[in-house]
Amino acid sequence: NNASEILDAVPSVQVDGDGKVSLSGNENVAVQINGRPAPMTGAQLGQFLKQLPASVVERVEVVPTPSARYDPEGMAGIINIVLKANTDLGMSGGVSVASATASGRYNGSGNIGYQTGPWTTFSSYGYNADDRGIDGINDRAKLGTNGLPLSFTNQDILGRQVNGGHNLTTNVDYKLNTRDVLTNALNLNFRKFDDNSNATYSELNSAQSLLDYYDRPRDSHVESSMIDYTLAFKRTFDPRKHELSTELRFNRSRDNDHTDLSRVQLPLPGALTTGENGSAELEKDHTDALTQTLNAQLDYTRTLKPRTKLETGYKGTGRWLDRDYSVLKDELGSGGFIPSNLSNEMNFNEMVQAGYAVLSQGAGKFDLQGGLRAEYARRDFTLRNTNEAFPYSYTSLFPSAVALYKFSDATQAKIAYSRRIRRPGTQELNPFPVFFDAQNVFFGNPKLNPEYTDAIEFGLTRSGSRGSLQLSPFYRHTTDIIRVDINTDDVVDGRSVTSVSFQNLASSNSYGTDLNGQLRFGKYGNAFGSFNVFKQVTDGGSESSLGSDAVTWSSRVSATANVNSTLTFQGSYFYRAPMKIERGEFSATQMANFSLRQKLLEGKASVSLRLQDPF
C-alpha cells in the first residue's frame, strides 16, 4: 500500500507500529529518497512514508557501510528509496487505487511522465487515509524498595485515530546541451492526524482497594505541511568517468498541534451519591513548530586511470527551528484558563560544513576504496522564556574503506569499514516537560553529546542461475551512545510521575550476521529467506548503572508463485524474537501477509487482493 510497508519487506529492515525504520535492529539509520536525505526525520518521517504510495517506488537500496562521500548520519547505514522516473519517450502514466475491509482505510495514486526533445518531466500524486479504532490498557504498579506494591493505576483506553495525507512530487529536467542538465524537483506533502480517545483511570492502594475513579478525555488535532525544492545542475564531460554536479535544496516543514485534555470525576462503583461528578480540570495545549533547512552541495568525479577514480566535494547545511508550546489550564473547570509554567518557547540553529575525498583503485581481482570526510558542526539551543543558551561545537573525521575480492563472476567477498554519527534531535535536547498522560512525562537533555559508531562489515556473495546466497557478519562499536533514561519515582509539576529523558552512556558493542538466500524457479516463481542474529552489550560507564547484554534474532520468508501467465500468488512471514534493552524488554513480533494479483487488459491493468496479518 505505501513505502513504509515496502521497507518492512526488505531483508534486515524493520518498521515498527509508529513507522520508525531500523536496519539490523538499529533505528539510527539514514533514510534517503532518490539519493538525497529524506525531507523529515523521526515520527514525521514515519507518517510521510505511510503517505507515499507504493506504486511510485522503483526499488530500495541498502548501504550498511557507506563511503565518506555520503552524509555520516545514520549509525546503521543508509536506506535509499528510489522513486520511479519516466524512461519512455512520449507520454506515459498510471493509476492505482486500493481499499481495505476495515472502514476508512483506502489510498489512491497516479503518475504521468512526458519526454520530448530536451524536456523530461515526471509527476506523481498520492492520497492515503487510515481511520481505525483504539482499544487498550496501560497499567502501572509502583513498588517500594522491598519490592512490595505501594499503589496501582489502571487505564482502560478507548478511542479513534485518523490519518490522512496528500503527497505530490514533480521533476523537470532540461538538457541545455549534450553535456549539461538542469533539474528542478518539488515535493509537497500535506497531512493531518486526529486522536480522539478516553482513558478511564482507577487509582488503587497497595491492597487494591479503589481510591479514585475518573476519565481523562483527549481530543488532539495535528496539521502538518512540507515543501521541499531542489535546483541541481550536472555537467557530464565523460559519462560515469568525469562529472561535475551542484545542488541547492530548501525544505520548509510546519506542524500545528491543538490538544484539549480534561479530567472528569466518576462515582466510585457502589457509591450512593455521585460525589463531585463533572469536569474538574481542563487543559489546552498548542504547539506551533516551523523548521527550515538549506543545503548547498558540490560533487566532482574524475577517472584518473582505467581503474582509478577520485571523488571529492563539499556540503554545507543550515537548519533553523522555531517552536512555541503553550499550555492553558483551568483547574476548577469554570472556563477561566490561565497560562501554565509548562509553556515554553525555543530556537534551535545548526550549521554543518563538510568536505570529502574518496579514491578507488582496482588491482587484479581486488577493488579497493578509501575515503575521508571532515566536518565542523555548531548548534545553538536557546530557551527564550528563561534566556538560557546551550551552545555546542565540534569537529569530526569520518574515514571509510572497502576491499572487494572477486573470486569469479559468481562469487565475491568484501570487507568494509565506516564511521558514522548520530546528532541528538531537538526533542531529545528540549528540557521542558511534555505530559503523555497524567503519570508519564517526557523531557530532553540539552547537554547531550553526539554519538559515534565505527562499523565493520564482512560479506560473501554467491550467485547462480537458480538464485543467490549472501552472508554478512558485522561489528559496531558506539561511543557516547544516547539512551532513554526512565525515572519511575520522579516529581514534575507537583505530580508523582514516571519521567522519560535521555543521557549519554559510555559505549555499546553489537555484532551479528545476516544470511539471505533467494531461489528462482523460472516462470513458476521465486522464494526468499533471511535470518538475522545479533548481540548488543551496553556499558553505562562510571557515572551510570544503566547497561544491557542481550541477544535477539529475526527471520523472514517469502514466496511468489505464478499460477498462470496472468495470476500471481505471494506470501510472506516475519518473526522477531524478544529483545532486552536497558531497564526493559521488547516482546516478540510476528506478521504474515498473503496476496493474489490478476493482470487485466494485456498487462496494462491489474487487480489485487491482500490478506494482512491474519494470525
# chains A, B, ... in the order shown; residues from 1 in each chain; ligands from 1
call {"tool": "closest_atom_pairs", "arguments": {"of": "range 136-224 of chain A", "to": "range 236-247 of chain A", "cutoff": "9 Å", "atoms": "only C-alpha atoms", "output": "JSON lines"}}
result
{"residue": "A:Thr178", "atom": "CA", "partner": "A:Thr236", "partner_atom": "CA", "distance": 8.4}
{"residue": "A:Arg179", "atom": "CA", "partner": "A:Thr236", "partner_atom": "CA", "distance": 5.0}
{"residue": "A:Asp180", "atom": "CA", "partner": "A:Thr236", "partner_atom": "CA", "distance": 6.5}
{"residue": "A:Val181", "atom": "CA", "partner": "A:Thr236", "partner_atom": "CA", "distance": 8.5}
call {"tool": "closest_residue", "arguments": {"among": "A:Val264, A:Leu328, A:Leu567, A:Leu150", "to": "Asp212 in chain A", "atoms": "only C-alpha atoms"}}
result
A:Val264
call {"tool": "residues_around", "arguments": {"residues": "Asp489 in chain A", "least_positions_apart": "2", "cutoff": "8 Å", "atoms": "only C-alpha atoms", "output": "list in words"}}
result
Asn487, Val491, Ser496, Val497, Thr498 and Ser499 of chain A
call {"tool": "residues_around", "arguments": {"residues": "Gly364 in chain A", "least_positions_apart": "6", "cutoff": "12 Å", "atoms": "only C-alpha atoms", "output": "CSV table (one decimal) with N, CA, C and O atoms, in the first residue's frame"}}
result
chain,number,residue,atom,x,y,z
A,307,ARG,N,41.3,2.1,-13.9
A,307,ARG,CA,40.7,1.5,-12.7
A,307,ARG,C,41.0,2.4,-11.5
A,307,ARG,O,41.0,1.9,-10.3
A,404,LEU,N,37.1,-5.3,-2.0
A,404,LEU,CA,36.3,-6.3,-2.6
A,404,LEU,C,37.2,-7.2,-3.4
A,404,LEU,O,38.0,-6.8,-4.2
A,405,TYR,N,37.0,-8.5,-3.2
A,405,TYR,CA,37.7,-9.5,-4.0
A,405,TYR,C,36.8,-10.4,-4.8
A,405,TYR,O,35.8,-10.9,-4.2
A,406,LYS,N,37.0,-10.5,-6.1
A,406,LYS,CA,36.2,-11.2,-7.0
A,406,LYS,C,36.8,-12.6,-7.3
A,406,LYS,O,37.8,-12.7,-8.1
A,407,PHE,N,36.3,-13.6,-6.6
A,407,PHE,CA,36.8,-15.0,-6.9
A,407,PHE,C,36.5,-15.4,-8.4
A,407,PHE,O,37.3,-16.0,-9.1
A,408,SER,N,35.2,-15.1,-8.8
A,408,SER,CA,34.7,-15.4,-10.1
A,408,SER,C,33.6,-14.5,-10.4
A,408,SER,O,33.2,-13.6,-9.5
call {"tool": "closest_residue", "arguments": {"among": "A:Gly46, A:Lys580, A:Tyr524, A:Gln518", "to": "Val563 in chain A", "atoms": "only C-alpha atoms"}}
result
A:Tyr524
call {"tool": "closest_residue", "arguments": {"among": "A:Val29, A:Ala357, A:Ala413, A:Leu600", "to": "Leu397 in chain A", "atoms": "only C-alpha atoms"}}
result
A:Ala357
call {"tool": "residues_around", "arguments": {"residues": "Asn387 in chain A", "least_positions_apart": "5", "cutoff": "12 Å", "atoms": "only C-alpha atoms", "output": "mmCIF file with C-alpha atoms, in the first residue's frame"}}
result
data_model
loop_
_atom_site.group_PDB
_atom_site.id
_atom_site.type_symbol
_atom_site.label_atom_id
_atom_site.label_comp_id
_atom_site.auth_asym_id
_atom_site.auth_seq_id
_atom_site.Cartn_x
_atom_site.Cartn_y
_atom_site.Cartn_z
ATOM 1 C CA ASN A 344 7.895 27.356 26.609
ATOM 2 C CA GLU A 345 9.487 28.832 23.512
ATOM 3 C CA MET A 346 12.696 27.657 21.909
ATOM 4 C CA ASN A 347 15.029 28.299 18.986
ATOM 5 C CA PHE A 381 19.866 25.799 21.529
ATOM 6 C CA THR A 382 18.077 28.752 23.192
#
call {"tool": "residues_around", "arguments": {"residues": "range 601-612 of chain A", "least_positions_apart": "6", "cutoff": "8 Å", "atoms": "only C-alpha atoms", "output": "VMD selection string"}}
result
chain A and resid 566 592 to 595
call {"tool": "residues_around", "arguments": {"residues": "range 545-556 of chain A", "least_positions_apart": "6", "cutoff": "7 Å", "atoms": "only C-alpha atoms", "output": "list of chain:residue names"}}
result
A:Gly529, A:Ser530, A:Phe531, A:Asn532, A:Val533, A:Phe534, A:Lys535, A:Gln536, A:Val537, A:Thr538, A:Asp539, A:Tyr573, A:Phe574, A:Tyr575, A:Arg576, A:Ala577, A:Pro578, A:Met579, A:Lys580, A:Ile581, A:Glu582
call {"tool": "write_last_selection", "arguments": {"atoms": "C-alpha atoms", "output": "PDB file, in the first residue's frame"}}
result
ATOM      1  CA  GLY A 529      14.560 -16.350   3.081  1.00  0.00           C
ATOM      2  CA  SER A 530      16.626 -14.376   5.571  1.00  0.00           C
ATOM      3  CA  PHE A 531      17.966 -14.916   9.064  1.00  0.00           C
ATOM      4  CA  ASN A 532      19.498 -12.255  11.301  1.00  0.00           C
ATOM      5  CA  VAL A 533      21.051 -12.675  14.732  1.00  0.00           C
ATOM      6  CA  PHE A 534      22.936 -10.093  16.780  1.00  0.00           C
ATOM      7  CA  LYS A 535      24.166  -9.402  20.286  1.00  0.00           C
ATOM      8  CA  GLN A 536      24.270  -5.935  21.848  1.00  0.00           C
ATOM      9  CA  VAL A 537      26.176  -5.011  25.015  1.00  0.00           C
ATOM     10  CA  THR A 538      25.765  -1.514  26.513  1.00  0.00           C
ATOM     11  CA  ASP A 539      28.038  -0.069  29.213  1.00  0.00           C
ATOM     12  CA  TYR A 573       6.053 -14.339   7.163  1.00  0.00           C
ATOM     13  CA  PHE A 574       8.250 -12.403   9.602  1.00  0.00           C
ATOM     14  CA  TYR A 575       9.241 -13.162  13.202  1.00  0.00           C
ATOM     15  CA  ARG A 576      11.454 -11.223  15.615  1.00  0.00           C
ATOM     16  CA  ALA A 577      12.359 -12.754  18.965  1.00  0.00           C
ATOM     17  CA  PRO A 578      12.097 -10.815  22.263  1.00  0.00           C
ATOM     18  CA  MET A 579      14.893  -8.309  22.870  1.00  0.00           C
ATOM     19  CA  LYS A 580      16.140  -6.962  26.187  1.00  0.00           C
ATOM     20  CA  ILE A 581      17.088  -3.286  26.497  1.00  0.00           C
ATOM     21  CA  GLU A 582      18.222  -1.098  29.369  1.00  0.00           C
TER      22      GLU A 582
END
call {"tool": "atom_distance", "arguments": {"atom1": "CA of Phe233 in chain A", "atom2": "CA of Tyr300 in chain A"}}
result
12.0 Å
call {"tool": "select_by_dssp", "arguments": {"residues": "range 258-473 of chain A", "states": "strand (DSSP E or B)", "output": "PyMOL selection string"}}
result
chain A and resi 258-265+278-305+308-330+338-339+344-363+366-383+388-406+411-422+434-437+440-442+451-464+467-473
call {"tool": "closest_residue", "arguments": {"among": "A:Leu268, A:Ala102, A:Ile112, A:Leu204", "to": "Arg140 in chain A", "atoms": "only C-alpha atoms"}}
result
A:Leu204
call {"tool": "atom_distance", "arguments": {"atom1": "CA of Ser99 in chain A", "atom2": "CA of Ser197 in chain A"}}
result
24.8 Å
call {"tool": "closest_atom_pairs", "arguments": {"of": "range 254-356 of chain A", "to": "range 56-71 of chain A", "cutoff": "12 Å", "atoms": "only C-alpha atoms", "output": "CSV"}}
result
residue,atom,partner,partner_atom,distance
A:Asn295,CA,A:Asp71,CA,11.9
A:Gln297,CA,A:Asp71,CA,11.2
A:Leu298,CA,A:Arg69,CA,11.1
A:Asp299,CA,A:Arg69,CA,8.9
A:Tyr300,CA,A:Arg69,CA,10.6
A:Thr301,CA,A:Arg69,CA,10.9
A:Leu310,CA,A:Arg69,CA,10.8
A:Glu311,CA,A:Arg69,CA,7.6
A:Thr312,CA,A:Arg69,CA,7.4
A:Gly313,CA,A:Arg69,CA,7.8
A:Tyr314,CA,A:Arg69,CA,9.3
A:Lys315,CA,A:Asp71,CA,8.9
A:Gly316,CA,A:Asp71,CA,10.8
A:Thr317,CA,A:Asp71,CA,10.7
A:Val352,CA,A:Asp71,CA,10.6
A:Gln353,CA,A:Asp71,CA,11.0
A:Ala354,CA,A:Asp71,CA,8.9
A:Gly355,CA,A:Arg69,CA,8.7
A:Tyr356,CA,A:Arg69,CA,6.0
call {"tool": "closest_residue", "arguments": {"among": "A:Phe615, A:Asn562, A:Asn516, A:Leu261", "to": "Arg462 in chain A", "atoms": "only C-alpha atoms"}}
result
A:Asn516
call {"tool": "atom_distance", "arguments": {"atom1": "CA of Thr183 in chain A", "atom2": "CA of His166 in chain A"}}
result
23.3 Å
call {"tool": "closest_residue", "arguments": {"among": "A:Tyr325, A:Phe502, A:Phe390, A:Phe122", "to": "Gly110 in chain A", "atoms": "only C-alpha atoms"}}
result
A:Phe122
call {"tool": "select_by_dssp", "arguments": {"residues": "range 27-255 of chain A", "states": "alpha helix (DSSP H)", "output": "PyMOL selection string"}}
result
chain A and resi 42-51
